[in-house]
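Structure record follows, encoded as structure tokens.
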Amino acid sequence: MAKWWVVWGGGTLGICVRFLLVVMGSLSLLDRRVEVVSPVTSLSRLAEGYWLKEYGKSPYAGSAYHGSPLLLSLIGPVIGDRQDTSIGYLLCSCSLFVVADLMSALLLRSTGKLLEHGHSKHLQLLGLTNLLREKTDRKDKLGIGDISFLVYLFNPFTIAVCVGGSTSSIENMLIILSLYGAAAGKVPLAGFGWAMATHLSMYPVFLIIPIYYLLTNGLDSPPNKLFELAKSVEPAAKEDSCHGKDANDSYLQSSKSSSKGLQTTPMLSSRRKWVVISKLVFWSAISWVCILRLCKVALLGRSSLITMWLETHKYMLTVDDLTPNLGLFWYFFTEVFDFFRNFFLMVFHANIAFMVPPLTIRLRHRPIFLAFILTAICSMIKSYPTVGDAALYIGLMALCVHELSELKYFYLLLNGYILISVLGPVMYNLWIFRGTGNANFYFATNLVYATLQTVLIVESVSTVIGYDKHLLKEIKLHSSNKSSQLHPKSMEVSA
């Protein structure tokens, strides 16, 4: 059961923590950190683009700003002069990102409540009343939605991005909005959220796959073969118990009534799927047309849409800025010969595309979990990653708490993330400011960070597959127990 204090108490505390850190001057400490901001998400660069626009020049002049023109119109007037250090200015400039974080947490909570209801329904359809009973008996435990709400709101990575001058909070909110719209069956909301998220950052384009499966196949569920196996258990029980005649009539009646409610997961017909696809394409296209039109208006004729694309998405693809960050691109492309640069750019970006088909085939029955895996992969391989990307996939990971309850190496991964959060700034300081280290010091922490994300992805997939196998064993055990209960009854009647 949802507890009122989770939303009101947790939300209030999360907002107070963010505003307190802003007042204490955390903005000046974090807005230049390469772990928190990137050339694409930096508010300092956005402020420079805004003032270029105000002075009648293109916001993309000088290769300082590489974000959307919509952010210039939305955030530019709010942040104003970045040199202002008054408390009123700091609270005002941070308020938009605090609202974005709170909205993201509430959307995750709503999505978690839908998943909670679907999880209980699936256990009931599978006939696993023992697992359902264990779940309902734990009334003092928090639900999936409450857990994801707290995990996202109090994640140190989320807080750092919110108070550190990054637009990642808005990007994460749009991604979560698209997934919530798909989970709730609201096609226009899903199409709008996906189009906006793809406009701000190129990598959410892969999330169209879990959005499609959410709209057509429904929320995360066990594989269909488990429902078919559970459905076949009841007719077999009837045949075994038919020799019992009158002595077993009452049992057969109850079995018959329970088998009527046992159906496979609701899936749309082929015609209905095409209708949903058409609606998704339509609303996404409408959203894109509106976005491009608004971008053209926001540019005020000082730049073109082609220039906008060259300075945003193409900038992410070609990795022109080799400033050190949490990713792997910057170090590799400072060492590679220019002759091989285009080839390795293609190889790096193609890694994401090559992973999508097998993961989709294996995890299409769990779209939310698939979205978590895809966001984690993009965070690991994207050209300009920040801790805001990790905050997003950790929040989505909390939605799969039932399936990942037996996750291996959890404490190792947790300690690894803490270690990277400490060692990363230390190695960067030794290299850039003190001059007692070199690039290898900082890149070593990046390699460890990438390894941790790889282990998290591999172990999460393996744990979910193991969870489905566990459900299969429970169904077979339930079937054998039911058969053993029926055979003694038939023997008594025949005697």
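Simple scheme: letters A, B, ... for chains in structure tokens order, numbers from 1 for residues in each chain, numbers from 1 for ligands in the order shown.
Using only C-alpha atoms, the protein and nucleic acid residues lying no more than 10 Å from Asn155 of chain A, apart from those fewer than 5 places from it along its own chain, are Gly14, Leu150, Ala160, Ala390, Ala391, Leu392, Ile394 and Gly395 of chain A.
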Practice problem: Name the residues in contact with Leu328 of chain A at a cut-off of 12 Å, using only C-alpha atoms, excluding same-chain residues fewer than 2 positions from it; report them as a PyMOL selection string. | Solution: chain A and resi 319+322-326+330-335+345+348-349+379-386+440+442-451
Output N, CA, C and O atoms for every residue in the selection just made, as a compact mmCIF listing (two decimals), in the first residue's frame.
# COMPACT_ATOMS: atom_id res chain seq x y z
N VAL A 319 31.83 13.93 -32.39
CA VAL A 319 32.67 14.09 -31.19
C VAL A 319 33.79 15.11 -31.46
O VAL A 319 34.98 14.79 -31.37
N LEU A 322 36.77 17.17 -27.47
CA LEU A 322 37.44 16.07 -26.77
C LEU A 322 37.77 16.43 -25.33
O LEU A 322 38.76 15.95 -24.76
N THR A 323 36.94 17.28 -24.74
CA THR A 323 37.10 17.59 -23.32
C THR A 323 36.90 16.32 -22.50
O THR A 323 35.96 15.56 -22.75
N PRO A 324 37.74 16.05 -21.50
CA PRO A 324 37.57 14.83 -20.69
C PRO A 324 36.19 14.75 -20.05
O PRO A 324 35.65 15.76 -19.58
N ASN A 325 35.62 13.56 -20.03
CA ASN A 325 34.33 13.32 -19.40
C ASN A 325 34.28 11.88 -18.91
O ASN A 325 35.31 11.18 -18.90
N LEU A 326 33.11 11.41 -18.55
CA LEU A 326 32.96 10.06 -18.01
C LEU A 326 32.99 8.97 -19.08
O LEU A 326 32.99 7.80 -18.75
N TRP A 330 36.67 10.45 -25.64
CA TRP A 330 37.64 11.54 -25.63
C TRP A 330 39.07 11.02 -25.63
O TRP A 330 39.94 11.55 -26.35
N TYR A 331 39.35 10.01 -24.83
CA TYR A 331 40.73 9.50 -24.73
C TYR A 331 41.11 8.77 -26.01
O TYR A 331 42.22 8.93 -26.54
N PHE A 332 40.20 7.97 -26.51
CA PHE A 332 40.50 7.16 -27.68
C PHE A 332 40.76 8.03 -28.91
O PHE A 332 41.71 7.80 -29.66
N PHE A 333 39.93 9.07 -29.10
CA PHE A 333 40.07 9.88 -30.30
C PHE A 333 41.14 10.95 -30.20
O PHE A 333 41.43 11.63 -31.19
N THR A 334 41.73 11.11 -29.03
CA THR A 334 42.94 11.92 -28.97
C THR A 334 44.17 11.12 -29.40
O THR A 334 45.20 11.71 -29.75
N GLU A 335 44.08 9.81 -29.37
CA GLU A 335 45.20 8.95 -29.72
C GLU A 335 45.11 8.40 -31.15
O GLU A 335 46.13 8.10 -31.76
N LEU A 345 34.55 6.07 -35.34
CA LEU A 345 33.29 6.71 -34.95
C LEU A 345 32.11 5.80 -35.30
O LEU A 345 31.18 5.64 -34.51
N PHE A 348 32.08 2.75 -32.85
CA PHE A 348 31.61 3.09 -31.52
C PHE A 348 30.10 3.27 -31.49
O PHE A 348 29.41 2.74 -30.61
N HIS A 349 29.57 4.04 -32.44
CA HIS A 349 28.13 4.30 -32.45
C HIS A 349 27.34 3.05 -32.84
O HIS A 349 26.21 2.86 -32.39
N SER A 379 24.21 5.17 -21.92
CA SER A 379 25.01 5.93 -20.96
C SER A 379 26.46 5.50 -20.99
O SER A 379 27.37 6.32 -20.79
N MET A 380 26.70 4.23 -21.27
CA MET A 380 28.06 3.71 -21.27
C MET A 380 28.81 4.08 -22.56
O MET A 380 30.02 4.31 -22.53
N ILE A 381 28.10 4.15 -23.70
CA ILE A 381 28.77 4.30 -24.99
C ILE A 381 28.57 5.69 -25.58
O ILE A 381 29.25 6.04 -26.55
N LYS A 382 27.69 6.52 -25.06
CA LYS A 382 27.42 7.82 -25.67
C LYS A 382 28.66 8.71 -25.62
O LYS A 382 29.57 8.49 -24.80
N SER A 383 28.67 9.73 -26.47
CA SER A 383 29.87 10.54 -26.64
C SER A 383 30.10 11.51 -25.47
O SER A 383 31.26 11.78 -25.13
N TYR A 384 29.03 12.05 -24.89
CA TYR A 384 29.19 13.02 -23.80
C TYR A 384 28.32 12.61 -22.61
O TYR A 384 27.30 13.24 -22.32
N PRO A 385 28.71 11.57 -21.88
CA PRO A 385 27.90 11.13 -20.74
C PRO A 385 28.16 11.96 -19.49
O PRO A 385 29.22 12.58 -19.33
N THR A 386 27.17 11.96 -18.61
CA THR A 386 27.30 12.57 -17.29
C THR A 386 26.65 11.66 -16.26
O THR A 386 26.05 10.63 -16.62
N ASN A 440 46.08 9.27 -18.05
CA ASN A 440 45.84 7.85 -17.74
C ASN A 440 45.22 7.68 -16.36
O ASN A 440 44.46 6.73 -16.13
N TYR A 442 42.98 9.64 -14.89
CA TYR A 442 41.54 9.87 -14.96
C TYR A 442 40.85 8.84 -15.85
O TYR A 442 39.75 8.38 -15.53
N PHE A 443 41.49 8.47 -16.94
CA PHE A 443 40.86 7.50 -17.85
C PHE A 443 40.74 6.12 -17.19
O PHE A 443 39.84 5.36 -17.54
N ALA A 444 41.62 5.81 -16.26
CA ALA A 444 41.50 4.53 -15.56
C ALA A 444 40.19 4.45 -14.78
O ALA A 444 39.53 3.40 -14.75
N THR A 445 39.80 5.57 -14.16
CA THR A 445 38.51 5.58 -13.46
C THR A 445 37.35 5.45 -14.44
O THR A 445 36.34 4.83 -14.13
N ASN A 446 37.50 6.00 -15.64
CA ASN A 446 36.46 5.85 -16.67
C ASN A 446 36.31 4.40 -17.10
O ASN A 446 35.20 3.92 -17.33
N LEU A 447 37.44 3.71 -17.21
CA LEU A 447 37.39 2.29 -17.58
C LEU A 447 36.71 1.46 -16.50
O LEU A 447 35.93 0.56 -16.78
N VAL A 448 37.01 1.79 -15.25
CA VAL A 448 36.36 1.08 -14.14
C VAL A 448 34.86 1.37 -14.15
O VAL A 448 34.03 0.47 -13.93
N TYR A 449 34.49 2.61 -14.42
CA TYR A 449 33.07 3.00 -14.49
C TYR A 449 32.36 2.25 -15.61
O TYR A 449 31.24 1.75 -15.42
N ALA A 450 32.99 2.16 -16.77
CA ALA A 450 32.40 1.40 -17.88
C ALA A 450 32.29 -0.08 -17.53
O ALA A 450 31.29 -0.74 -17.89
N THR A 451 33.27 -0.61 -16.83
CA THR A 451 33.21 -2.02 -16.42
C THR A 451 32.07 -2.27 -15.45
O THR A 451 31.35 -3.28 -15.55
Exercise. For atom CA of Pro39 of chain A and atom CA of Gly67 of chain A, quote the distance in Å rounded to one decimal.
Key: 8.6 Å
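Comparing A:Phe19, A:Phe206, A:Phe340, A:Tyr428 by their smallest distance to Ile373 of chain A, the closest is A:Phe206 (using only C-alpha atoms).
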Quiz item: If we count only C-alpha atoms, what is near segment 209-222 of chain A at a cut-off of 6 Å, once residues fewer than 4 positions away on the same chain are taken out, given as a list in words?
Solution: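 So the residues in contact are Ala182, Ala183, Gly185, Met267, Leu268, Lys273, His365, Arg366, Pro367 and Ala371 of chain A.
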Per-residue nearest contacts segment 13-73 of chain A to segment 86-103 of chain A, cut-off 10 Å, using only C-alpha atoms, as CSV:
residue,atom,partner,partner_atom,distance
A:Gly14,CA,A:Leu102,CA,8.3
A:Ile15,CA,A:Val98,CA,6.6
A:Cys16,CA,A:Val98,CA,9.7
A:Arg18,CA,A:Val98,CA,7.2
A:Phe19,CA,A:Leu91,CA,6.6
A:Leu20,CA,A:Leu91,CA,9.3
A:Val22,CA,A:Leu90,CA,6.6
A:Val23,CA,A:Ile87,CA,6.2
A:Met24,CA,A:Ile87,CA,9.3
A:Gly25,CA,A:Leu90,CA,8.8
A:Leu27,CA,A:Leu90,CA,8.2
Self-check item: Those of segment 267-449 of chain A in DSSP alpha helix (DSSP H), formatted as a ChimeraX atom specification
Solution: /A:270-299,305-311,313-318,329-335,341-363,367-381,387-397,410-428,439-449
Practice problem: Tell me which protein, DNA and RNA residues are within 12 Å of Trp288 of chain A, counting only C-alpha atoms, leaving out same-chain ones fewer than 3 positions away, and put them as a PyMOL selection string. | Solution: chain A and resi 191-200+281-285+291-295
Quiz item: For His66 of chain A, which residue among A:Val464, A:Met355, A:Met308, A:Ile79 is the nearest when counting only C-alpha atoms?
Solution: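 Ranked by minimum distance to His66 of chain A, first place goes to A:Met308.
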Practice problem: Within 7 Å of segment 401-409 of chain A, counting only C-alpha atoms, which residues show up once you throw out same-chain ones fewer than 2 positions away? Write them as a ChimeraX atom specification, please. | Solution: /A:144,398-399,411-413,459-460,463-464,467
Exercise. Could you check which of A:Ile75, A:Leu29, A:Met202, A:Ile418 is closest to Lys314 of chain A, using only C-alpha atoms?
Key: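 Closest residue, counting only C-alpha atoms: A:Met202.
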Practice problem: Could you give me, as a list in words, the residues within 9 Å of segment 53-62 of chain A, counting only C-alpha atoms and dropping anything in the same chain fewer than 4 positions from it? | Solution: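 Selected residues are Leu46, Glu48, Gly49, His66, Gly67, Pro69, Leu72, Leu299, Leu300, Gly301, Arg302, Ser303, Thr307, Met308 and Glu311 of chain A.
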